[in-house]
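Participant: Data: coords-v6.txt, compact mmCIF, C-alpha atoms and all ligand atoms.
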```txt
# COMPACT_ATOMS: atom_id res chain seq x y z
CA MET A 11 0.00 0.00 0.00
CA VAL A 12 1.43 3.42 -0.98
CA ARG A 13 0.99 6.08 1.67
CA LEU A 14 1.78 9.66 0.77
CA VAL A 15 0.68 12.92 2.36
CA GLN A 16 -2.98 12.40 3.12
CA TYR A 17 -5.74 14.88 2.32
CA ASN A 18 -9.45 14.47 2.93
CA MET A 19 -8.53 12.44 5.95
CA ARG A 20 -11.23 11.15 8.26
CA ILE A 21 -10.32 10.44 11.83
CA THR A 22 -12.25 8.97 14.73
CA ILE A 23 -11.37 10.05 18.25
CA ILE A 24 -12.46 7.68 21.03
CA GLY A 25 -12.45 9.59 24.33
CA CYS A 26 -13.09 13.35 24.30
CA GLY A 27 -11.51 14.23 27.64
CA SER A 28 -8.33 16.15 28.25
CA ILE A 29 -6.25 14.75 25.36
CA GLY A 30 -9.08 13.91 22.94
CA SER A 31 -10.69 17.36 23.10
CA LYS A 32 -7.37 19.14 22.42
CA LEU A 33 -6.48 16.74 19.63
CA ALA A 34 -9.93 17.25 18.08
CA LYS A 35 -9.45 21.04 18.13
CA ALA A 36 -6.03 20.72 16.50
CA ALA A 37 -7.38 18.29 13.88
CA ASP A 38 -10.23 20.70 13.14
CA GLU A 39 -7.62 23.28 12.13
CA MET A 40 -5.63 20.91 9.88
CA VAL A 41 -6.43 21.32 6.17
CA GLU A 42 -5.58 17.66 5.61
CA VAL A 43 -8.43 16.54 7.89
CA LYS A 44 -11.86 16.50 6.29
CA ARG A 45 -14.00 14.85 8.95
CA ILE A 46 -13.69 14.11 12.68
CA TYR A 47 -15.89 11.48 14.30
CA LEU A 48 -16.09 11.87 18.05
CA MET A 49 -17.14 9.17 20.51
CA ASP A 50 -17.22 9.16 24.29
CA VAL A 51 -19.14 7.05 26.81
CA ASP A 52 -20.27 10.44 28.04
CA LYS A 53 -22.12 11.37 24.86
CA GLY A 54 -22.93 14.83 26.22
CA LEU A 55 -19.19 15.54 26.46
CA ALA A 56 -18.61 14.43 22.86
CA GLU A 57 -21.49 16.68 21.76
CA LYS A 58 -20.07 19.59 23.73
CA VAL A 59 -16.67 19.20 22.06
CA ALA A 60 -18.25 18.73 18.60
CA ALA A 61 -20.26 21.94 19.04
CA THR A 62 -17.01 23.95 19.20
CA LEU A 63 -15.63 22.46 15.96
CA ASN A 64 -16.41 22.72 12.23
CA LYS A 65 -15.67 19.19 11.01
CA ALA A 66 -16.88 17.01 13.87
CA ILE A 67 -19.89 14.77 14.28
CA VAL A 68 -20.70 12.48 17.20
CA ILE A 69 -20.95 8.73 16.74
CA ASP A 70 -22.11 5.99 19.13
CA SER A 71 -19.43 3.36 18.56
CA VAL A 72 -16.05 2.98 16.88
CA GLU A 73 -17.60 0.60 14.32
CA GLU A 74 -20.12 3.17 13.12
CA GLU A 75 -17.83 4.94 10.62
CA LEU A 76 -14.93 2.50 10.49
CA TYR A 77 -15.33 1.83 6.74
CA HIS A 78 -14.97 5.58 6.05
CA CYS A 79 -12.19 6.21 8.53
CA ASP A 80 -8.43 6.51 7.86
CA LEU A 81 -7.23 6.72 11.45
CA VAL A 82 -8.72 5.95 14.85
CA VAL A 83 -7.23 7.69 17.89
CA GLU A 84 -7.77 6.11 21.30
CA SER A 85 -7.59 8.71 24.07
CA ALA A 86 -9.93 7.04 26.58
CA SER A 87 -8.56 4.29 28.85
CA GLN A 88 -6.65 1.01 28.83
CA ALA A 89 -9.94 -0.89 28.82
CA ALA A 90 -11.21 1.08 25.82
CA ALA A 91 -7.94 0.52 23.96
CA LYS A 92 -8.12 -3.25 24.57
CA GLU A 93 -11.67 -3.30 23.24
CA ILE A 94 -11.19 -1.21 20.11
CA LEU A 95 -7.68 -2.27 19.01
CA PRO A 96 -8.74 -5.70 17.62
CA LYS A 97 -11.80 -4.24 15.86
CA VAL A 98 -9.86 -1.43 14.18
CA VAL A 99 -6.85 -3.49 13.20
CA ALA A 100 -9.04 -6.27 11.80
CA ARG A 101 -10.56 -3.74 9.37
CA GLY A 102 -7.12 -2.59 8.21
CA VAL A 103 -7.56 0.90 9.68
CA ASP A 104 -4.64 2.71 11.32
CA ILE A 105 -4.81 3.41 15.04
CA MET A 106 -3.03 5.73 17.45
CA ILE A 107 -2.97 4.60 21.08
CA MET A 108 -2.58 6.93 24.06
CA SER A 109 -3.37 4.31 26.75
CA VAL A 110 -0.17 2.45 26.00
CA GLY A 111 -0.42 0.30 29.14
CA SER A 112 -3.12 -1.63 27.25
CA LEU A 113 -0.28 -3.35 25.38
CA VAL A 114 1.29 -4.88 28.51
CA ASP A 115 -0.18 -8.35 27.89
CA ASP A 116 2.35 -10.11 25.65
CA ASP A 117 -0.13 -12.45 23.92
CA PHE A 118 -2.59 -9.62 23.25
CA ARG A 119 0.14 -7.34 21.90
CA LYS A 120 1.64 -10.01 19.65
CA ALA A 121 -1.80 -10.88 18.27
CA ILE A 122 -2.52 -7.20 17.55
CA PHE A 123 0.78 -6.60 15.75
CA GLU A 124 0.44 -9.84 13.81
CA LYS A 125 -3.07 -8.91 12.70
CA ALA A 126 -1.92 -5.38 11.86
CA LYS A 127 0.79 -6.77 9.59
CA ILE A 128 -1.67 -8.97 7.73
CA SER A 129 -4.32 -6.28 7.34
CA GLU A 130 -1.79 -3.48 6.60
CA SER A 131 -2.93 -1.47 9.57
CA ARG A 132 -0.45 0.72 11.45
CA VAL A 133 -0.34 1.08 15.21
CA TYR A 134 1.05 4.48 16.22
CA ILE A 135 2.28 5.19 19.74
CA PRO A 136 3.12 8.84 20.39
CA THR A 137 6.05 9.72 22.63
CA GLY A 138 3.54 10.94 25.22
CA ALA A 139 4.64 12.91 28.24
CA LEU A 140 8.29 11.88 27.95
CA CYS A 141 11.43 13.18 26.25
CA GLY A 142 14.30 10.87 25.35
CA THR A 143 12.37 8.18 23.46
CA ASP A 144 14.30 9.16 20.32
CA GLY A 145 17.63 8.27 21.97
CA LEU A 146 16.24 5.09 23.49
CA ARG A 147 14.86 3.99 20.12
CA ALA A 148 18.22 4.46 18.45
CA ALA A 149 20.19 2.95 21.34
CA SER A 150 18.04 -0.19 21.31
CA ASN A 151 19.59 -1.19 18.00
CA ASP A 152 22.59 -2.38 20.00
CA GLU A 153 22.91 -3.90 23.48
CA LEU A 154 21.12 -2.12 26.31
CA ASP A 155 22.16 -2.85 29.89
CA GLU A 156 19.67 -0.81 31.92
CA VAL A 157 16.54 1.23 31.37
CA GLU A 158 15.09 2.98 34.37
CA LEU A 159 12.23 5.44 34.67
CA THR A 160 11.67 7.51 37.81
CA THR A 161 8.40 9.39 37.94
CA ILE A 162 7.68 12.07 40.53
CA LYS A 163 4.09 13.22 40.96
CA GLY A 164 2.04 15.31 43.35
CA PRO A 165 -1.00 14.15 45.35
CA LYS A 166 -3.57 15.36 42.79
CA SER A 167 -1.99 13.17 40.11
CA LEU A 168 -2.04 10.09 42.34
CA GLU A 169 -5.37 10.26 44.14
CA GLY A 170 -7.93 7.44 43.94
CA ILE A 171 -5.47 4.64 43.09
CA PRO A 172 -6.70 1.35 44.67
CA TYR A 173 -3.10 0.07 45.23
CA LEU A 174 -2.36 3.07 47.48
CA LEU A 175 -5.63 2.71 49.37
CA GLU A 176 -4.85 -0.99 49.94
CA LYS A 177 -1.45 0.00 51.35
CA GLY A 178 -3.16 2.46 53.68
CA ILE A 179 -1.61 5.47 51.90
CA THR A 180 -3.80 8.56 51.76
CA VAL A 181 -2.03 10.84 49.30
CA ASP A 182 -2.98 14.06 51.10
CA ASP A 183 -1.47 12.77 54.37
CA VAL A 184 1.99 12.19 52.87
CA LYS A 185 4.19 15.05 54.09
CA GLU A 186 7.54 14.24 52.49
CA LYS A 187 8.87 12.72 49.28
CA THR A 188 7.96 9.00 49.42
CA VAL A 189 8.69 6.12 47.07
CA ILE A 190 5.32 4.46 46.55
CA TYR A 191 6.41 1.91 43.94
CA SER A 192 9.66 0.44 42.76
CA GLY A 193 9.73 -2.57 40.47
CA PRO A 194 9.17 -3.79 36.94
CA ALA A 195 7.25 -1.70 34.40
CA ARG A 196 4.85 -4.61 33.90
CA GLU A 197 3.38 -4.15 37.39
CA ALA A 198 3.66 -0.35 37.29
CA VAL A 199 1.40 0.05 34.24
CA LYS A 200 -1.22 -2.17 35.87
CA ILE A 201 -1.10 -0.41 39.24
CA PHE A 202 -1.05 3.10 37.75
CA PRO A 203 -3.09 2.72 34.53
CA LYS A 204 -3.65 6.47 34.21
CA ASN A 205 -0.26 7.66 35.43
CA VAL A 206 2.66 5.84 33.87
CA ASN A 207 1.74 5.14 30.26
CA VAL A 208 5.24 6.35 29.43
CA ALA A 209 6.61 3.30 31.28
CA ALA A 210 4.83 1.14 28.70
CA THR A 211 6.21 3.22 25.83
CA VAL A 212 9.73 2.96 27.24
CA SER A 213 9.34 -0.83 27.72
CA LEU A 214 8.19 -1.31 24.13
CA LEU A 215 11.11 0.75 22.80
CA GLY A 216 13.80 -0.73 25.02
CA ILE A 217 14.23 -3.93 27.02
CA GLY A 218 10.63 -4.92 27.67
CA PHE A 219 8.17 -4.76 30.54
CA ASP A 220 10.03 -7.11 32.91
CA MET A 221 13.53 -5.61 32.63
CA THR A 222 12.52 -1.94 32.67
CA LYS A 223 12.65 -0.62 36.22
CA VAL A 224 10.08 1.93 37.32
CA THR A 225 10.07 4.01 40.49
CA VAL A 226 7.08 6.18 41.37
CA VAL A 227 7.62 8.92 43.95
CA LEU A 228 4.90 10.95 45.64
CA ASP A 229 6.15 14.47 46.36
CA PRO A 230 3.63 16.58 48.31
CA ASP A 231 5.41 19.78 47.25
CA THR A 232 5.66 19.26 43.51
CA LYS A 233 3.37 20.93 41.00
CA SER A 234 4.82 18.97 38.07
CA ASN A 235 4.60 15.42 36.69
CA SER A 236 8.28 14.75 36.18
CA HIS A 237 10.07 11.83 34.57
CA GLU A 238 13.72 10.88 34.63
CA LEU A 239 14.71 8.35 31.98
CA ARG A 240 18.11 6.66 32.48
CA VAL A 241 19.50 4.37 29.83
CA LYS A 242 22.84 2.54 29.74
CA GLY A 243 24.12 0.46 26.87
CA LYS A 244 26.74 0.03 24.17
CA PHE A 245 25.95 3.54 22.91
CA GLY A 246 26.96 5.07 26.26
CA GLU A 247 24.69 6.57 28.87
CA MET A 248 21.70 8.87 28.69
CA VAL A 249 19.75 10.75 31.35
CA CYS A 250 16.74 12.71 30.27
CA HIS A 251 14.54 14.83 32.56
CA THR A 252 11.06 16.04 31.68
CA TYR A 253 9.33 18.46 34.07
CA ASN A 254 5.74 18.38 32.87
CA VAL A 255 2.96 20.83 33.53
CA PRO A 256 -0.18 18.86 34.43
CA GLU A 257 -3.35 19.62 32.44
CA ALA A 258 -5.77 21.88 34.28
CA ASP A 259 -8.72 19.65 33.27
CA ASN A 260 -6.95 16.41 34.30
CA PRO A 261 -3.91 16.63 36.64
CA LYS A 262 -3.06 12.97 35.98
CA THR A 263 -2.26 13.92 32.39
CA SER A 264 0.64 16.15 31.36
CA HIS A 265 0.21 18.86 28.76
CA LEU A 266 3.08 17.37 26.75
CA ALA A 267 1.01 14.19 26.25
CA SER A 268 -1.70 16.17 24.41
CA LEU A 269 0.97 17.98 22.40
CA SER A 270 2.60 14.68 21.48
CA ALA A 271 -0.73 13.38 20.16
CA ILE A 272 -1.15 16.54 18.07
CA SER A 273 2.43 16.26 16.83
CA ALA A 274 1.94 12.58 15.94
CA LEU A 275 -1.23 13.37 14.00
CA LYS A 276 0.58 16.09 12.02
CA ARG A 277 3.39 13.67 11.19
CA ILE A 278 0.93 11.03 10.05
CA VAL A 279 -1.27 13.26 7.89
CA ARG A 280 1.61 15.32 6.48
CA GLY A 281 4.18 12.56 6.04
CA GLU A 282 6.75 14.64 7.96
CA TRP A 283 9.32 12.42 9.65
CA PHE A 284 11.99 14.76 11.03
CA GLY A 285 14.06 13.45 13.93
CA ILE A 286 12.82 9.88 13.57
N1 LIG A 301 0.92 8.07 26.51
C1 LIG A 301 1.03 9.00 27.43
O1 LIG A 301 2.09 9.55 27.72
C2 LIG A 301 -0.21 9.42 28.18
C3 LIG A 301 -0.17 10.58 28.95
C4 LIG A 301 -1.32 10.98 29.59
C5 LIG A 301 -2.46 10.21 29.52
N2 LIG A 301 -2.46 9.06 28.80
C6 LIG A 301 -3.64 8.20 28.71
O2 LIG A 301 -4.48 8.66 27.66
C7 LIG A 301 -5.84 8.36 28.00
C8 LIG A 301 -6.66 9.66 27.90
O3 LIG A 301 -6.15 10.61 28.81
P1 LIG A 301 -7.00 11.90 29.19
O4 LIG A 301 -6.16 12.71 30.07
O5 LIG A 301 -7.59 12.51 27.96
O6 LIG A 301 -8.17 11.25 30.06
P2 LIG A 301 -9.57 11.90 30.47
O7 LIG A 301 -10.04 11.14 31.64
O8 LIG A 301 -9.45 13.37 30.57
O9 LIG A 301 -10.50 11.57 29.22
C9 LIG A 301 -10.85 10.26 28.87
C10 LIG A 301 -12.21 10.29 28.21
O10 LIG A 301 -12.47 9.00 27.68
C11 LIG A 301 -13.82 8.67 27.94
N3 LIG A 301 -13.92 7.21 27.96
C12 LIG A 301 -13.54 6.35 28.93
N4 LIG A 301 -13.77 5.09 28.52
C13 LIG A 301 -14.30 5.16 27.28
C14 LIG A 301 -14.73 4.18 26.34
N5 LIG A 301 -14.69 2.88 26.62
N6 LIG A 301 -15.22 4.62 25.15
C15 LIG A 301 -15.29 5.93 24.88
N7 LIG A 301 -14.90 6.90 25.74
C16 LIG A 301 -14.40 6.51 26.91
C17 LIG A 301 -14.14 9.32 29.28
O11 LIG A 301 -15.52 9.53 29.42
C18 LIG A 301 -13.35 10.63 29.17
O12 LIG A 301 -14.12 11.69 28.63
C19 LIG A 301 -5.83 7.77 29.41
O13 LIG A 301 -5.86 6.36 29.36
C20 LIG A 301 -4.51 8.23 29.96
O14 LIG A 301 -4.00 7.38 30.96
C21 LIG A 301 -1.36 8.68 28.11
```
Could I get this structure in the form of structure tokens?

Facilitator:
Amino acid sequence: MVRLVQYNMRITIIGCGSIGSKLAKAADEMVEVKRIYLMDVDKGLAEKVAATLNKAIVIDSVEEELYHCDLVVESASQAAAKEILPKVVARGVDIMIMSVGSLVDDDFRKAIFEKAKISESRVYIPTGALCGTDGLRAASNDELDEVELTTIKGPKSLEGIPYLLEKGITVDDVKEKTVIYSGPAREAVKIFPKNVNVAATVSLLGIGFDMTKVTVVLDPDTKSNSHELRVKGKFGEMVCHTYNVPEADNPKTSHLASLSAISALKRIVRGEWFGI
């Protein structure tokens, strides 16, 4: 299949919250995008977002316009991603995934990528709220010894997580910097499904979910969602810090994540691949 710069593109956005609504607005302003289909379990929210745009209509399910759609963007949840990925890929439609933790299950992921190959569907994973994925991607073409991600978040970003409640940790009662998780990325993305999607992205790019070490720190004084990515390998050593501003409408999500989705969409529709 020949893919050049795409015009008259139709995209479906599943999940119209913090990321989806900003991506929809950006897509509305792209000349290459002709139609935006919006879907959210909260239909009222999808309608509210659509009302602010020129090219958007609301649909009830991802299947509704799949035959007319060039790209589906999942910006909803891990559960939503797991549900829609097989449907979209089976139809040979491209898909961009924000809830990257949905790919933690090895059998599920292999089946998706196998199906995507057969049906000529592409699975896009934006860099998300993390810098340094470019270096990791290049470095992974030779031996990697260590990949470690340390994430520091404030109480607002970490509230309502069952794992913390089970451990008797009330985020607002923590008065000093505290390590609340340290272990493999595989567990981290399950325990923090809305907080450490970047750990899944790093695992997929580097040494996998079991070898990638993740540390999550609760800092009562921080206003940022920060990530430190450390990589050691044959290429040398890399340390990359990202001090993210959380989104006002969802403090679990960093503004850079929305920007990375917008940037990925521009690359896809315009065929621009600088710094790949
Ligand atoms: N890759 C990254 O670096 C990164 C960074 C931040 C967030 N994320 C992930 O991206 C996803 C979206 O983030 P957000 O900040 O926009 O979240 P959000 O909570 O602001 O918005 C999610 C929206 O999806 C809707 N939704 C939930 N389940 C749905 C389903 N099954 N079908 C349709 N709609 C559904 C919700 O009603 C909500 O409006 C989350 O899973 C989040 O963890 C990824």

Participant: With a distance cut-off of 12 Å and all atoms listed in the file, select the neighbouring residues of Ala61 (chain A), excluding the residue or stretch itself and same-chain residues fewer than 4 positions from it, and output the selection as a PyMOL selection string.

Facilitator: chain A and resi 31+34-35+38+48+54-57+65-68

Participant: Quick one: contact table of chain A to ligand LIG 301 (chain A), 8 Å max, nearest atom pair and distance in Å to one decimal per residue, counting all atoms listed in the file, chain and number order, as CSV?

Facilitator:
```
residue,atom,partner,partner_atom,distance
A:Ile24,CA,A:LIG301,C15,5.1
A:Gly25,CA,A:LIG301,O10,3.4
A:Cys26,CA,A:LIG301,O12,4.8
A:Gly27,CA,A:LIG301,O9,3.3
A:Ser28,CA,A:LIG301,O5,3.7
A:Ile29,CA,A:LIG301,O5,3.7
A:Gly30,CA,A:LIG301,O5,5.4
A:Ser31,CA,A:LIG301,O5,7.5
A:Met49,CA,A:LIG301,C15,5.7
A:Asp50,CA,A:LIG301,N7,3.5
A:Val51,CA,A:LIG301,N7,4.4
A:Asp52,CA,A:LIG301,O11,5.0
A:Leu55,CA,A:LIG301,O12,6.7
A:Ala56,CA,A:LIG301,O12,7.8
A:Ser71,CA,A:LIG301,N6,7.9
A:Glu84,CA,A:LIG301,C7,7.3
A:Ser85,CA,A:LIG301,C8,4.1
A:Ala86,CA,A:LIG301,O10,3.4
A:Ser87,CA,A:LIG301,O13,3.4
A:Gln88,CA,A:LIG301,O13,5.4
A:Ala89,CA,A:LIG301,N5,6.5
A:Ala90,CA,A:LIG301,N5,4.0
A:Ala91,CA,A:LIG301,N5,7.6
A:Glu93,CA,A:LIG301,N5,7.7
A:Ile107,CA,A:LIG301,N1,7.5
A:Met108,CA,A:LIG301,N1,4.4
A:Ser109,CA,A:LIG301,O13,4.1
A:Val110,CA,A:LIG301,N1,5.7
A:Ile135,CA,A:LIG301,N1,7.5
A:Pro136,CA,A:LIG301,N1,6.5
A:Thr137,CA,A:LIG301,O1,6.5
A:Gly138,CA,A:LIG301,O1,3.2
A:Ala139,CA,A:LIG301,O1,4.2
A:Leu140,CA,A:LIG301,O1,6.6
A:Pro203,CA,A:LIG301,O14,5.9
A:Lys204,CA,A:LIG301,O14,3.4
A:Asn205,CA,A:LIG301,O14,5.8
A:Val206,CA,A:LIG301,O1,7.2
A:Asn207,CA,A:LIG301,N1,4.8
A:Val208,CA,A:LIG301,O1,4.8
A:Thr211,CA,A:LIG301,N1,7.2
A:Glu257,CA,A:LIG301,O4,7.8
A:Asp259,CA,A:LIG301,O8,6.9
A:Asn260,CA,A:LIG301,O8,5.4
A:Pro261,CA,A:LIG301,O4,8.0
A:Lys262,CA,A:LIG301,O4,6.7
A:Thr263,CA,A:LIG301,C4,4.2
A:Ser264,CA,A:LIG301,C4,5.8
A:Leu266,CA,A:LIG301,C3,7.8
A:Ala267,CA,A:LIG301,C3,4.7
A:Ser268,CA,A:LIG301,C4,7.3
```

Participant: Taking 5 positions as the minimum chain separation for residues in the same chain, which residues sit within 9 Å of Arg147 (chain A) when counting only C-alpha atoms? Answer as a PyMOL selection string.

Facilitator: chain A and resi 142+212+215-216

Participant: Which residue gives the smallest distance to Ser273 (chain A) among A:Leu33, A:Met19, A:Leu81, A:Leu228, with only C-alpha atoms counted?

Facilitator: A:Leu33

Participant: Name all residues at most 6 Å from Thr161 (chain A) (count only C-alpha atoms; drop same-chain ones fewer than 5 positions away) and give them as a list in words.

Facilitator: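 Final neighbour list, sorted by chain and number: Val226, Ser236 and His237 of chain A.
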
Participant: Compare A:Cys141, A:Ile23, A:Ala121, A:Leu113 by their minimum atom-to-atom distance to Glu238 (chain A), counting all atoms listed in the file, and give me the closest one.

Facilitator: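 Closest to Glu238 (chain A), using all atoms listed in the file: A:Cys141.
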
Participant: May I ask which of the residues A:Ser213, A:Ser129, A:Asn235, A:Ser150 is the closest one to Pro165 (chain A), counting all atoms listed in the file?

Facilitator: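 Smallest separation from Pro165 (chain A) among the options: A:Asn235.
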
Participant: Between CA of Ala271 (chain A) and CA of Asp116 (chain A), measure the distance and give it in Å to one decimal.

Facilitator: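 Between CA of Ala271 (chain A) and CA of Asp116 (chain A) the gap works out to 24.3 Å.
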
Participant: Work out how far CA of Glu124 (chain A) is from CA of Phe219 (chain A), in Å to one decimal.

Facilitator: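 Interatomic distance, CA of Phe219 (chain A) to CA of Glu124 (chain A): 19.1 Å.
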
Participant: Quick check, in Å to one decimal: how far apart do CA of Ala195 (chain A) and CA of Thr160 (chain A) lie?

Facilitator: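 These atoms are spaced 10.8 Å apart.
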
Participant: Using all atoms of region 96-106 of chain A listed in the file and a margin of 8 Å per side, can you give the axis-aligned box centre and edge lengths in Å to one decimal, as AutoDock Vina command-line options?

Facilitator:
```
--center_x -7.4 --center_y -0.3 --center_z 12.9 --size_x 24.8 --size_y 28.0 --size_z 25.4
```

Participant: List every protein, DNA or RNA residue that has an atom no more than 10 Å from (19.9, -0.3, 19.8) in the file's coordinate frame, counting all atoms listed in the file, and report them as a list in words.

Facilitator: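 These residues have at least one counted atom within 10 Å: Gly145, Leu146, Arg147, Ala148, Ala149, Ser150, Asn151, Asp152, Glu153, Leu154, Leu215, Gly216, Ile217, Gly243, Lys244 and Phe245 of chain A.
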
Participant: Between A:Ile171, A:Val279, A:Val181, A:Ile286, which one has atoms that come closest to Ile21 (chain A), using all atoms listed in the file?

Facilitator: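 Counting all atoms listed in the file, the residue closest to Ile21 (chain A) is A:Val279.
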